[in-house]
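Shown next: structure32.pdb, containing PDB, C-alpha atoms and all ligand atoms.
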ATOM      1  CA  MET O   1      22.885 -24.968 -21.962  1.00  0.00           C
ATOM      2  CA  PRO O   2      19.923 -23.597 -20.005  1.00  0.00           C
ATOM      3  CA  GLU O   3      18.101 -20.842 -21.810  1.00  0.00           C
ATOM      4  CA  THR O   4      18.698 -17.439 -20.228  1.00  0.00           C
ATOM      5  CA  ILE O   5      15.946 -14.896 -19.896  1.00  0.00           C
ATOM      6  CA  GLU O   6      16.885 -11.299 -20.581  1.00  0.00           C
ATOM      7  CA  ASN O   7      16.300  -8.657 -17.940  1.00  0.00           C
ATOM      8  CA  VAL O   8      13.841  -5.941 -18.863  1.00  0.00           C
ATOM      9  CA  ALA O   9      14.443  -2.206 -18.478  1.00  0.00           C
ATOM     10  CA  ILE O  10      11.682  -0.439 -16.567  1.00  0.00           C
ATOM     11  CA  LYS O  11      11.111   3.155 -15.489  1.00  0.00           C
ATOM     12  CA  VAL O  12       8.883   3.756 -12.519  1.00  0.00           C
ATOM     13  CA  SER O  13       8.239   6.725 -10.282  1.00  0.00           C
ATOM     14  CA  VAL O  14       8.336   5.538  -6.678  1.00  0.00           C
ATOM     15  CA  ASN O  15       7.143   8.043  -4.095  1.00  0.00           C
ATOM     16  CA  GLY O  16       7.885  10.808  -6.600  1.00  0.00           C
ATOM     17  CA  LYS O  17      11.432   9.643  -7.381  1.00  0.00           C
ATOM     18  CA  PRO O  18      12.205   8.288 -10.859  1.00  0.00           C
ATOM     19  CA  ARG O  19      13.781   4.834 -10.871  1.00  0.00           C
ATOM     20  CA  SER O  20      15.250   3.118 -13.927  1.00  0.00           C
ATOM     21  CA  LEU O  21      16.296  -0.489 -13.493  1.00  0.00           C
ATOM     22  CA  ASN O  22      16.799  -3.723 -15.340  1.00  0.00           C
ATOM     23  CA  VAL O  23      14.712  -6.394 -13.690  1.00  0.00           C
ATOM     24  CA  GLU O  24      14.089 -10.061 -14.212  1.00  0.00           C
ATOM     25  CA  PRO O  25      10.703 -10.556 -15.885  1.00  0.00           C
ATOM     26  CA  ARG O  26       9.654 -12.803 -12.983  1.00  0.00           C
ATOM     27  CA  MET O  27      10.423 -10.215 -10.300  1.00  0.00           C
ATOM     28  CA  LEU O  28       7.337  -9.293  -8.299  1.00  0.00           C
ATOM     29  CA  LEU O  29       6.525  -5.647  -7.712  1.00  0.00           C
ATOM     30  CA  VAL O  30       6.800  -6.183  -3.952  1.00  0.00           C
ATOM     31  CA  GLU O  31      10.318  -7.607  -4.371  1.00  0.00           C
ATOM     32  CA  PHE O  32      11.290  -4.629  -6.516  1.00  0.00           C
ATOM     33  CA  LEU O  33      10.034  -2.222  -3.848  1.00  0.00           C
ATOM     34  CA  ARG O  34      11.547  -4.019  -0.868  1.00  0.00           C
ATOM     35  CA  GLU O  35      14.813  -5.261  -2.350  1.00  0.00           C
ATOM     36  CA  ASP O  36      15.739  -2.804  -5.089  1.00  0.00           C
ATOM     37  CA  CYS O  37      14.176   0.336  -3.623  1.00  0.00           C
ATOM     38  CA  ASP O  38      14.797  -0.548   0.072  1.00  0.00           C
ATOM     39  CA  LEU O  39      11.193   0.359   0.876  1.00  0.00           C
ATOM     40  CA  THR O  40      10.439  -2.297   3.443  1.00  0.00           C
ATOM     41  CA  GLY O  41       7.208  -0.713   4.692  1.00  0.00           C
ATOM     42  CA  THR O  42       5.443  -2.780   2.047  1.00  0.00           C
ATOM     43  CA  HIS O  43       4.970  -6.146   3.737  1.00  0.00           C
ATOM     44  CA  VAL O  44       4.472  -9.693   2.531  1.00  0.00           C
ATOM     45  CA  GLY O  45       1.953 -11.655   4.564  1.00  0.00           C
ATOM     46  CA  CYS O  46       0.803 -14.398   2.259  1.00  0.00           C
ATOM     47  CA  ASP O  47       2.127 -14.068  -1.302  1.00  0.00           C
ATOM     48  CA  THR O  48      -1.239 -15.354  -2.537  1.00  0.00           C
ATOM     49  CA  THR O  49      -3.306 -12.138  -2.991  1.00  0.00           C
ATOM     50  CA  TYR O  50      -5.190 -12.754   0.229  1.00  0.00           C
ATOM     51  CA  CYS O  51      -3.921 -10.564   3.044  1.00  0.00           C
ATOM     52  CA  GLY O  52      -3.329  -7.118   1.515  1.00  0.00           C
ATOM     53  CA  ALA O  53      -0.168  -6.437   3.552  1.00  0.00           C
ATOM     54  CA  CYS O  54       1.587  -5.708   0.262  1.00  0.00           C
ATOM     55  CA  THR O  55      -0.919  -3.071  -0.913  1.00  0.00           C
ATOM     56  CA  VAL O  56       0.554  -0.020  -2.659  1.00  0.00           C
ATOM     57  CA  LEU O  57      -0.932   2.625  -4.931  1.00  0.00           C
ATOM     58  CA  MET O  58      -0.312   2.399  -8.655  1.00  0.00           C
ATOM     59  CA  ASN O  59      -1.441   5.578 -10.388  1.00  0.00           C
ATOM     60  CA  GLY O  60      -3.606   6.261  -7.337  1.00  0.00           C
ATOM     61  CA  LEU O  61      -5.300   2.849  -7.237  1.00  0.00           C
ATOM     62  CA  ALA O  62      -4.654   0.255  -4.539  1.00  0.00           C
ATOM     63  CA  VAL O  63      -2.983  -2.878  -5.917  1.00  0.00           C
ATOM     64  CA  LYS O  64      -1.516  -5.960  -4.281  1.00  0.00           C
ATOM     65  CA  SER O  65       2.141  -5.807  -5.138  1.00  0.00           C
ATOM     66  CA  CYS O  66       2.678  -9.539  -4.527  1.00  0.00           C
ATOM     67  CA  THR O  67       0.353 -10.200  -7.417  1.00  0.00           C
ATOM     68  CA  MET O  68       2.012  -8.015 -10.031  1.00  0.00           C
ATOM     69  CA  PHE O  69       5.294  -8.276 -11.805  1.00  0.00           C
ATOM     70  CA  ALA O  70       7.571  -5.263 -11.596  1.00  0.00           C
ATOM     71  CA  VAL O  71       7.523  -5.043 -15.393  1.00  0.00           C
ATOM     72  CA  GLN O  72       3.764  -4.460 -15.242  1.00  0.00           C
ATOM     73  CA  ALA O  73       4.451  -1.261 -13.300  1.00  0.00           C
ATOM     74  CA  ASP O  74       6.643   0.148 -16.083  1.00  0.00           C
ATOM     75  CA  GLY O  75       5.714   3.795 -16.726  1.00  0.00           C
ATOM     76  CA  SER O  76       3.532   4.096 -13.628  1.00  0.00           C
ATOM     77  CA  GLU O  77       3.592   6.091 -10.408  1.00  0.00           C
ATOM     78  CA  ILE O  78       3.855   3.946  -7.320  1.00  0.00           C
ATOM     79  CA  THR O  79       3.184   5.183  -3.806  1.00  0.00           C
ATOM     80  CA  THR O  80       4.229   3.120  -0.808  1.00  0.00           C
ATOM     81  CA  VAL O  81       3.569   3.869   2.835  1.00  0.00           C
ATOM     82  CA  GLU O  82       6.902   5.700   2.983  1.00  0.00           C
ATOM     83  CA  GLY O  83       5.528   8.150   0.406  1.00  0.00           C
ATOM     84  CA  LEU O  84       2.623   9.288   2.585  1.00  0.00           C
ATOM     85  CA  GLU O  85       4.772  11.352   4.953  1.00  0.00           C
ATOM     86  CA  LYS O  86       5.739  14.790   3.629  1.00  0.00           C
ATOM     87  CA  ASP O  87       8.578  16.952   4.988  1.00  0.00           C
ATOM     88  CA  GLY O  88       8.747  14.942   8.191  1.00  0.00           C
ATOM     89  CA  GLN O  89       5.016  15.334   8.831  1.00  0.00           C
ATOM     90  CA  LEU O  90       2.791  12.280   9.065  1.00  0.00           C
ATOM     91  CA  HIS O  91      -0.011  12.134   6.532  1.00  0.00           C
ATOM     92  CA  PRO O  92      -3.469  12.717   8.090  1.00  0.00           C
ATOM     93  CA  ILE O  93      -4.207   9.009   7.529  1.00  0.00           C
ATOM     94  CA  GLN O  94      -1.059   7.959   9.399  1.00  0.00           C
ATOM     95  CA  LYS O  95      -1.891  10.377  12.208  1.00  0.00           C
ATOM     96  CA  ALA O  96      -5.440   9.034  12.461  1.00  0.00           C
ATOM     97  CA  PHE O  97      -4.267   5.402  12.717  1.00  0.00           C
ATOM     98  CA  GLY O  98      -1.914   6.387  15.533  1.00  0.00           C
ATOM     99  CA  ASP O  99      -4.364   8.611  17.390  1.00  0.00           C
ATOM    100  CA  SER O 100      -7.224   6.103  17.128  1.00  0.00           C
ATOM    101  CA  TYR O 101      -5.123   3.053  18.072  1.00  0.00           C
ATOM    102  CA  GLY O 102      -5.986   1.569  14.677  1.00  0.00           C
ATOM    103  CA  LEU O 103      -3.114  -0.901  14.880  1.00  0.00           C
ATOM    104  CA  GLN O 104      -1.473  -3.405  17.167  1.00  0.00           C
ATOM    105  CA  CYS O 105       1.428  -5.295  15.582  1.00  0.00           C
ATOM    106  CA  GLY O 106       1.237  -2.973  12.563  1.00  0.00           C
ATOM    107  CA  TYR O 107       1.939  -5.633   9.962  1.00  0.00           C
ATOM    108  CA  CYS O 108      -1.272  -4.930   8.042  1.00  0.00           C
ATOM    109  CA  THR O 109      -1.196  -1.182   8.623  1.00  0.00           C
ATOM    110  CA  PRO O 110       0.696   0.109   5.559  1.00  0.00           C
ATOM    111  CA  GLY O 111      -1.678  -1.762   3.269  1.00  0.00           C
ATOM    112  CA  LEU O 112      -4.739  -0.617   5.193  1.00  0.00           C
ATOM    113  CA  MET O 113      -3.567   2.987   5.028  1.00  0.00           C
ATOM    114  CA  LEU O 114      -3.078   2.844   1.268  1.00  0.00           C
ATOM    115  CA  SER O 115      -6.510   1.263   0.679  1.00  0.00           C
ATOM    116  CA  THR O 116      -7.878   4.023   2.909  1.00  0.00           C
ATOM    117  CA  TYR O 117      -6.031   6.613   0.833  1.00  0.00           C
ATOM    118  CA  GLN O 118      -7.672   5.447  -2.372  1.00  0.00           C
ATOM    119  CA  MET O 119     -11.136   5.393  -0.798  1.00  0.00           C
ATOM    120  CA  LEU O 120     -10.849   8.823   0.835  1.00  0.00           C
ATOM    121  CA  SER O 121      -9.503  10.323  -2.398  1.00  0.00           C
ATOM    122  CA  GLU O 122     -12.768   9.300  -4.040  1.00  0.00           C
ATOM    123  CA  ASN O 123     -15.132   9.555  -1.065  1.00  0.00           C
ATOM    124  CA  PRO O 124     -14.057  11.758   1.858  1.00  0.00           C
ATOM    125  CA  ASP O 125     -17.068  10.862   4.006  1.00  0.00           C
ATOM    126  CA  PRO O 126     -17.590   7.103   3.736  1.00  0.00           C
ATOM    127  CA  ASP O 127     -20.210   5.225   5.753  1.00  0.00           C
ATOM    128  CA  GLU O 128     -19.369   1.948   7.484  1.00  0.00           C
ATOM    129  CA  LYS O 129     -20.488  -0.175   4.536  1.00  0.00           C
ATOM    130  CA  GLU O 130     -18.244   1.801   2.192  1.00  0.00           C
ATOM    131  CA  ILE O 131     -15.310   1.480   4.587  1.00  0.00           C
ATOM    132  CA  ARG O 132     -15.847  -2.284   4.869  1.00  0.00           C
ATOM    133  CA  HIS O 133     -15.946  -2.553   1.086  1.00  0.00           C
ATOM    134  CA  ALA O 134     -12.762  -0.460   0.655  1.00  0.00           C
ATOM    135  CA  ILE O 135     -10.706  -2.560   3.072  1.00  0.00           C
ATOM    136  CA  ALA O 136     -12.223  -5.925   2.177  1.00  0.00           C
ATOM    137  CA  GLY O 137      -8.880  -6.973   0.680  1.00  0.00           C
ATOM    138  CA  ASN O 138      -6.889  -6.096   3.801  1.00  0.00           C
ATOM    139  CA  THR O 139      -6.744  -8.642   6.594  1.00  0.00           C
ATOM    140  CA  CYS O 140      -5.883  -7.677  10.169  1.00  0.00           C
ATOM    141  CA  ARG O 141      -5.266 -10.485  12.628  1.00  0.00           C
ATOM    142  CA  CYS O 142      -4.956  -8.274  15.706  1.00  0.00           C
ATOM    143  CA  THR O 143      -7.378  -5.404  16.062  1.00  0.00           C
ATOM    144  CA  GLY O 144     -10.842  -6.813  15.466  1.00  0.00           C
ATOM    145  CA  TYR O 145     -11.203  -3.849  13.081  1.00  0.00           C
ATOM    146  CA  MET O 146     -13.248  -1.561  15.369  1.00  0.00           C
ATOM    147  CA  ASN O 147     -10.353   0.856  15.915  1.00  0.00           C
ATOM    148  CA  VAL O 148      -9.447   0.565  12.243  1.00  0.00           C
ATOM    149  CA  PHE O 149     -12.946   1.854  11.389  1.00  0.00           C
ATOM    150  CA  LYS O 150     -12.501   4.642  13.929  1.00  0.00           C
ATOM    151  CA  ALA O 151      -9.117   5.515  12.415  1.00  0.00           C
ATOM    152  CA  ILE O 152     -10.517   5.638   8.901  1.00  0.00           C
ATOM    153  CA  ARG O 153     -13.402   7.888   9.937  1.00  0.00           C
ATOM    154  CA  GLN O 154     -10.907  10.108  11.772  1.00  0.00           C
ATOM    155  CA  ALA O 155      -8.649  10.145   8.704  1.00  0.00           C
ATOM    156  CA  GLY O 156     -11.574  11.399   6.606  1.00  0.00           C
ATOM    157  CA  ARG O 157     -12.150  14.225   9.088  1.00  0.00           C
ATOM    158  CA  ASN O 158      -8.410  14.984   9.195  1.00  0.00           C
ATOM    159  CA  MET O 159      -8.200  15.168   5.424  1.00  0.00           C
ATOM    160  CA  LYS O 160     -11.194  17.491   5.159  1.00  0.00           C
ATOM    161  CA  GLY O 161      -9.466  19.767   7.667  1.00  0.00           C
ATOM    162  CA  ALA O 162      -6.067  19.364   5.991  1.00  0.00           C
TER     163      ALA O 162
HETATM  164  S1  LIG I 201       1.337 -10.514   0.560  1.00  0.00           S
HETATM  165 FE1  LIG I 201       0.164  -9.733  -1.074  1.00  0.00          FE
HETATM  166  S2  LIG I 201      -1.870 -10.145  -0.564  1.00  0.00           S
HETATM  167 FE2  LIG I 201      -0.698 -11.041   1.060  1.00  0.00          FE
HETATM  168  S1  LIG I 202      -2.358  -4.814  13.577  1.00  0.00           S
HETATM  169 FE1  LIG I 202      -1.519  -6.819  13.540  1.00  0.00          FE
HETATM  170  S2  LIG I 202      -2.264  -7.656  11.697  1.00  0.00           S
HETATM  171 FE2  LIG I 202      -3.288  -5.765  11.854  1.00  0.00          FE
END

I need this file expressed as structure tokens, please.
Ligand code: FES
Ligand code: FES
Amino acid sequence: MPETIENVAIKVSVNGKPRSLNVEPRMLLVEFLREDCDLTGTHVGCDTTYCGACTVLMNGLAVKSCTMFAVQADGSEITTVEGLEKDGQLHPIQKAFGDSYGLQCGYCTPGLMLSTYQMLSENPDPDEKEIRHAIAGNTCRCTGYMNVFKAIRQAGRNMKGA
């Protein structure tokens, strides 16, 4: 008889909503978000901690959700890209990426926006070096990054005015 592995009960707040679920210990956080929570704005680009498409916030810090097990998020507050919008209004970071053409295919964009969120929460007026450092874990294959930098600087201005 193959040995069975017990599911584990976890409680997580996802975008402000409490979720209690039994999950397999091997379930990745990104699978939990996409498959159990139906939050498909968190993307999978590599599954090897390289691309950053899976970036979410855990207790306000950007983490790569393909590199964590869901059980490691037990007791934490997770924010995905879907959690940035409030009452039908885009978050200033989302608005800035749109207004500054900071995306093309958009596959990397949720992760970039959440890395931006963490940086701007700590440093509302970053210089280019600080921006490069903050998004070093987020790969974009389309934009060449120049409009991403513009979007992030605009997001900082938006948030100061917000
Ligand atoms: S899918 Fe997680 S880093 Fe690429
Ligand atoms: S906009 Fe296509 S990967 Fe960044």

Might I get the box with edges along x, y and z of the file that holds all atoms of stretch 68-83 of chain O listed there, padded by 6 Å on every side, given as centre and edge lengths in Å to one decimal, as JSON?
{"center_x": 4.8, "center_y": -0.1, "center_z": -6.9, "size_x": 17.6, "size_y": 28.4, "size_z": 31.7}

Q) Which neighbours of O:Asp99 fall inside 10 Å, counting all atoms listed in the file, when residues of the same chain fewer than 6 positions from it are skipped, and could you give them as JSON, numbers by chain? A) {"O": [93, 147, 150, 151, 154, 155]}

Q: Pull out every residue that the PyMOL selection byres (((chain O and resi 137) around 8) and not hetatm) matches in the shown coordinates and put them as a list in words.
A: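 Matching residues under the PyMOL selection byres (((chain O and resi 137) around 8) and not hetatm) are Tyr50, Cys51, Gly52, Ala134, Ile135, Ala136, Asn138 and Thr139 of chain O.
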
Could you list, as a PDB file with C-alpha atoms, keeping the file's coordinate frame, every residue matched by the PyMOL selection byres (((not hetatm)) within 8 of (chain I and resi 201)) in this structure?
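The result, stored in result.pdb:
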ATOM      1  CA  HIS O  43       4.970  -6.146   3.737  1.00  0.00           C
ATOM      2  CA  VAL O  44       4.472  -9.693   2.531  1.00  0.00           C
ATOM      3  CA  GLY O  45       1.953 -11.655   4.564  1.00  0.00           C
ATOM      4  CA  CYS O  46       0.803 -14.398   2.259  1.00  0.00           C
ATOM      5  CA  ASP O  47       2.127 -14.068  -1.302  1.00  0.00           C
ATOM      6  CA  THR O  48      -1.239 -15.354  -2.537  1.00  0.00           C
ATOM      7  CA  THR O  49      -3.306 -12.138  -2.991  1.00  0.00           C
ATOM      8  CA  TYR O  50      -5.190 -12.754   0.229  1.00  0.00           C
ATOM      9  CA  CYS O  51      -3.921 -10.564   3.044  1.00  0.00           C
ATOM     10  CA  GLY O  52      -3.329  -7.118   1.515  1.00  0.00           C
ATOM     11  CA  ALA O  53      -0.168  -6.437   3.552  1.00  0.00           C
ATOM     12  CA  CYS O  54       1.587  -5.708   0.262  1.00  0.00           C
ATOM     13  CA  THR O  55      -0.919  -3.071  -0.913  1.00  0.00           C
ATOM     14  CA  LYS O  64      -1.516  -5.960  -4.281  1.00  0.00           C
ATOM     15  CA  SER O  65       2.141  -5.807  -5.138  1.00  0.00           C
ATOM     16  CA  CYS O  66       2.678  -9.539  -4.527  1.00  0.00           C
ATOM     17  CA  THR O  67       0.353 -10.200  -7.417  1.00  0.00           C
ATOM     18  CA  GLY O 137      -8.880  -6.973   0.680  1.00  0.00           C
ATOM     19  CA  ASN O 138      -6.889  -6.096   3.801  1.00  0.00           C
TER      20      ASN O 138
END

Neighbours of stretch 14-24 of chain O within 10 Å (only C-alpha atoms; same-chain residues fewer than 6 positions away dropped), as an mmCIF file with C-alpha atoms, in the coordinates of the input?
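The resulting around.cif:
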data_model
loop_
_atom_site.group_PDB
_atom_site.id
_atom_site.type_symbol
_atom_site.label_atom_id
_atom_site.label_comp_id
_atom_site.auth_asym_id
_atom_site.auth_seq_id
_atom_site.Cartn_x
_atom_site.Cartn_y
_atom_site.Cartn_z
ATOM 1 C CA ILE O 5 15.946 -14.896 -19.896
ATOM 2 C CA GLU O 6 16.885 -11.299 -20.581
ATOM 3 C CA ASN O 7 16.300 -8.657 -17.940
ATOM 4 C CA VAL O 8 13.841 -5.941 -18.863
ATOM 5 C CA PHE O 32 11.290 -4.629 -6.516
ATOM 6 C CA LEU O 33 10.034 -2.222 -3.848
ATOM 7 C CA ASP O 36 15.739 -2.804 -5.089
ATOM 8 C CA CYS O 37 14.176 0.336 -3.623
ATOM 9 C CA LEU O 39 11.193 0.359 0.876
ATOM 10 C CA LEU O 57 -0.932 2.625 -4.931
ATOM 11 C CA MET O 58 -0.312 2.399 -8.655
ATOM 12 C CA PHE O 69 5.294 -8.276 -11.805
ATOM 13 C CA ALA O 70 7.571 -5.263 -11.596
ATOM 14 C CA VAL O 71 7.523 -5.043 -15.393
ATOM 15 C CA ASP O 74 6.643 0.148 -16.083
ATOM 16 C CA GLY O 75 5.714 3.795 -16.726
ATOM 17 C CA SER O 76 3.532 4.096 -13.628
ATOM 18 C CA GLU O 77 3.592 6.091 -10.408
ATOM 19 C CA ILE O 78 3.855 3.946 -7.320
ATOM 20 C CA THR O 79 3.184 5.183 -3.806
ATOM 21 C CA THR O 80 4.229 3.120 -0.808
ATOM 22 C CA VAL O 81 3.569 3.869 2.835
ATOM 23 C CA GLU O 82 6.902 5.700 2.983
ATOM 24 C CA GLY O 83 5.528 8.150 0.406
ATOM 25 C CA LEU O 84 2.623 9.288 2.585
ATOM 26 C CA GLU O 85 4.772 11.352 4.953
#

Could you give me, as JSON lines, a per-residue list for chain O showing, wherever an atom lies at most 7 Å from an atom of ligand LIG 202 (chain I), the closest pair of atoms and their distance in Å to one decimal, using only C-alpha atoms and all ligand atoms and sorting by chain then residue number from low to high?
{"residue": "O:Leu103", "atom": "CA", "partner": "I:LIG202", "partner_atom": "S1", "distance": 4.2}
{"residue": "O:Gln104", "atom": "CA", "partner": "I:LIG202", "partner_atom": "S1", "distance": 4.0}
{"residue": "O:Cys105", "atom": "CA", "partner": "I:LIG202", "partner_atom": "FE1", "distance": 3.9}
{"residue": "O:Gly106", "atom": "CA", "partner": "I:LIG202", "partner_atom": "S1", "distance": 4.2}
{"residue": "O:Tyr107", "atom": "CA", "partner": "I:LIG202", "partner_atom": "S2", "distance": 5.0}
{"residue": "O:Cys108", "atom": "CA", "partner": "I:LIG202", "partner_atom": "FE2", "distance": 4.4}
{"residue": "O:Thr109", "atom": "CA", "partner": "I:LIG202", "partner_atom": "FE2", "distance": 6.0}
{"residue": "O:Thr139", "atom": "CA", "partner": "I:LIG202", "partner_atom": "S2", "distance": 6.9}
{"residue": "O:Cys140", "atom": "CA", "partner": "I:LIG202", "partner_atom": "FE2", "distance": 3.6}
{"residue": "O:Arg141", "atom": "CA", "partner": "I:LIG202", "partner_atom": "S2", "distance": 4.2}
{"residue": "O:Cys142", "atom": "CA", "partner": "I:LIG202", "partner_atom": "FE1", "distance": 4.3}
{"residue": "O:Thr143", "atom": "CA", "partner": "I:LIG202", "partner_atom": "S1", "distance": 5.6}

Report the residues retrieved by the PyMOL selection byres (((chain O and resi 119) around 12) and not hetatm) from the displayed file, expressed as a CSV table (one decimal) with C-alpha atoms, in the coordinates of the input.
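Final output, selection16.csv:
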chain,number,residue,atom,x,y,z
O,57,LEU,CA,-0.9,2.6,-4.9
O,60,GLY,CA,-3.6,6.3,-7.3
O,61,LEU,CA,-5.3,2.8,-7.2
O,62,ALA,CA,-4.7,0.3,-4.5
O,93,ILE,CA,-4.2,9.0,7.5
O,112,LEU,CA,-4.7,-0.6,5.2
O,113,MET,CA,-3.6,3.0,5.0
O,114,LEU,CA,-3.1,2.8,1.3
O,115,SER,CA,-6.5,1.3,0.7
O,116,THR,CA,-7.9,4.0,2.9
O,117,TYR,CA,-6.0,6.6,0.8
O,118,GLN,CA,-7.7,5.4,-2.4
O,120,LEU,CA,-10.8,8.8,0.8
O,121,SER,CA,-9.5,10.3,-2.4
O,122,GLU,CA,-12.8,9.3,-4.0
O,123,ASN,CA,-15.1,9.6,-1.1
O,124,PRO,CA,-14.1,11.8,1.9
O,125,ASP,CA,-17.1,10.9,4.0
O,126,PRO,CA,-17.6,7.1,3.7
O,127,ASP,CA,-20.2,5.2,5.8
O,130,GLU,CA,-18.2,1.8,2.2
O,131,ILE,CA,-15.3,1.5,4.6
O,132,ARG,CA,-15.8,-2.3,4.9
O,133,HIS,CA,-15.9,-2.6,1.1
O,134,ALA,CA,-12.8,-0.5,0.7
O,135,ILE,CA,-10.7,-2.6,3.1
O,136,ALA,CA,-12.2,-5.9,2.2
O,152,ILE,CA,-10.5,5.6,8.9
O,153,ARG,CA,-13.4,7.9,9.9
O,155,ALA,CA,-8.6,10.1,8.7
O,156,GLY,CA,-11.6,11.4,6.6
O,159,MET,CA,-8.2,15.2,5.4

Q: Give me, please, the distance in Å between atom CA of O:Pro92 and atom CA of O:Val63, quoted to one decimal.
A: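 Between these atoms lies a distance of 21.0 Å.
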
Q: In Å, rounded to a single decimal, give me how far atom CA of O:Leu29 is from atom CA of O:Gln72.
A: 8.1 Å

Q) Of the candidates O:Ala73, O:Asn59, O:Pro110, O:Gly41, which shows the shortest atom-to-atom distance to O:Val12, using all atoms listed in the file? A) O:Ala73

Q) Nearest to O:Gly98: which of O:Val148, O:Lys86, O:Thr40, O:Met68 is it, counting only C-alpha atoms? A)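 For O:Gly98, the nearest of the candidates is O:Val148.
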
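Atom pair atom CA of O:Val30 / atom CA of O:Gln89: separated by 25.1 Å.
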
Could you model N, CA and C atoms for stretch 118-134 of chain O and present them as a PDB file, in the frame of the given file?
ATOM      1  N   GLN O 118      -6.903   5.471  -1.119  1.00  0.00           N
ATOM      2  CA  GLN O 118      -7.672   5.447  -2.372  1.00  0.00           C
ATOM      3  C   GLN O 118      -9.139   5.771  -2.100  1.00  0.00           C
ATOM      4  N   MET O 119      -9.711   5.154  -1.065  1.00  0.00           N
ATOM      5  CA  MET O 119     -11.136   5.393  -0.798  1.00  0.00           C
ATOM      6  C   MET O 119     -11.394   6.856  -0.476  1.00  0.00           C
ATOM      7  N   LEU O 120     -10.584   7.447   0.422  1.00  0.00           N
ATOM      8  CA  LEU O 120     -10.849   8.823   0.835  1.00  0.00           C
ATOM      9  C   LEU O 120     -10.578   9.817  -0.297  1.00  0.00           C
ATOM     10  N   SER O 121      -9.727   9.439  -1.245  1.00  0.00           N
ATOM     11  CA  SER O 121      -9.503  10.323  -2.398  1.00  0.00           C
ATOM     12  C   SER O 121     -10.775  10.417  -3.238  1.00  0.00           C
ATOM     13  N   GLU O 122     -11.553   9.331  -3.221  1.00  0.00           N
ATOM     14  CA  GLU O 122     -12.768   9.300  -4.040  1.00  0.00           C
ATOM     15  C   GLU O 122     -13.999   9.674  -3.227  1.00  0.00           C
ATOM     16  N   ASN O 123     -13.942   9.412  -1.921  1.00  0.00           N
ATOM     17  CA  ASN O 123     -15.132   9.555  -1.065  1.00  0.00           C
ATOM     18  C   ASN O 123     -14.671   9.974   0.326  1.00  0.00           C
ATOM     19  N   PRO O 124     -14.623  11.298   0.585  1.00  0.00           N
ATOM     20  CA  PRO O 124     -14.057  11.758   1.858  1.00  0.00           C
ATOM     21  C   PRO O 124     -14.935  11.484   3.083  1.00  0.00           C
ATOM     22  N   ASP O 125     -16.174  11.070   2.859  1.00  0.00           N
ATOM     23  CA  ASP O 125     -17.068  10.862   4.006  1.00  0.00           C
ATOM     24  C   ASP O 125     -17.769   9.502   3.901  1.00  0.00           C
ATOM     25  N   PRO O 126     -16.993   8.420   3.966  1.00  0.00           N
ATOM     26  CA  PRO O 126     -17.590   7.103   3.736  1.00  0.00           C
ATOM     27  C   PRO O 126     -18.426   6.634   4.927  1.00  0.00           C
ATOM     28  N   ASP O 127     -19.485   5.861   4.646  1.00  0.00           N
ATOM     29  CA  ASP O 127     -20.210   5.225   5.753  1.00  0.00           C
ATOM     30  C   ASP O 127     -19.543   3.867   6.032  1.00  0.00           C
ATOM     31  N   GLU O 128     -20.060   3.174   7.070  1.00  0.00           N
ATOM     32  CA  GLU O 128     -19.369   1.948   7.484  1.00  0.00           C
ATOM     33  C   GLU O 128     -19.343   0.905   6.368  1.00  0.00           C
ATOM     34  N   LYS O 129     -20.445   0.817   5.613  1.00  0.00           N
ATOM     35  CA  LYS O 129     -20.488  -0.175   4.536  1.00  0.00           C
ATOM     36  C   LYS O 129     -19.405   0.133   3.485  1.00  0.00           C
ATOM     37  N   GLU O 130     -19.256   1.406   3.186  1.00  0.00           N
ATOM     38  CA  GLU O 130     -18.244   1.801   2.192  1.00  0.00           C
ATOM     39  C   GLU O 130     -16.831   1.529   2.716  1.00  0.00           C
ATOM     40  N   ILE O 131     -16.636   1.770   4.000  1.00  0.00           N
ATOM     41  CA  ILE O 131     -15.310   1.480   4.587  1.00  0.00           C
ATOM     42  C   ILE O 131     -15.033  -0.019   4.519  1.00  0.00           C
ATOM     43  N   ARG O 132     -16.033  -0.822   4.909  1.00  0.00           N
ATOM     44  CA  ARG O 132     -15.847  -2.284   4.869  1.00  0.00           C
ATOM     45  C   ARG O 132     -15.510  -2.745   3.455  1.00  0.00           C
ATOM     46  N   HIS O 133     -16.195  -2.172   2.481  1.00  0.00           N
ATOM     47  CA  HIS O 133     -15.946  -2.553   1.086  1.00  0.00           C
ATOM     48  C   HIS O 133     -14.509  -2.174   0.687  1.00  0.00           C
ATOM     49  N   ALA O 134     -14.079  -0.955   1.077  1.00  0.00           N
ATOM     50  CA  ALA O 134     -12.762  -0.460   0.655  1.00  0.00           C
ATOM     51  C   ALA O 134     -11.622  -1.290   1.230  1.00  0.00           C
TER      52      ALA O 134
END
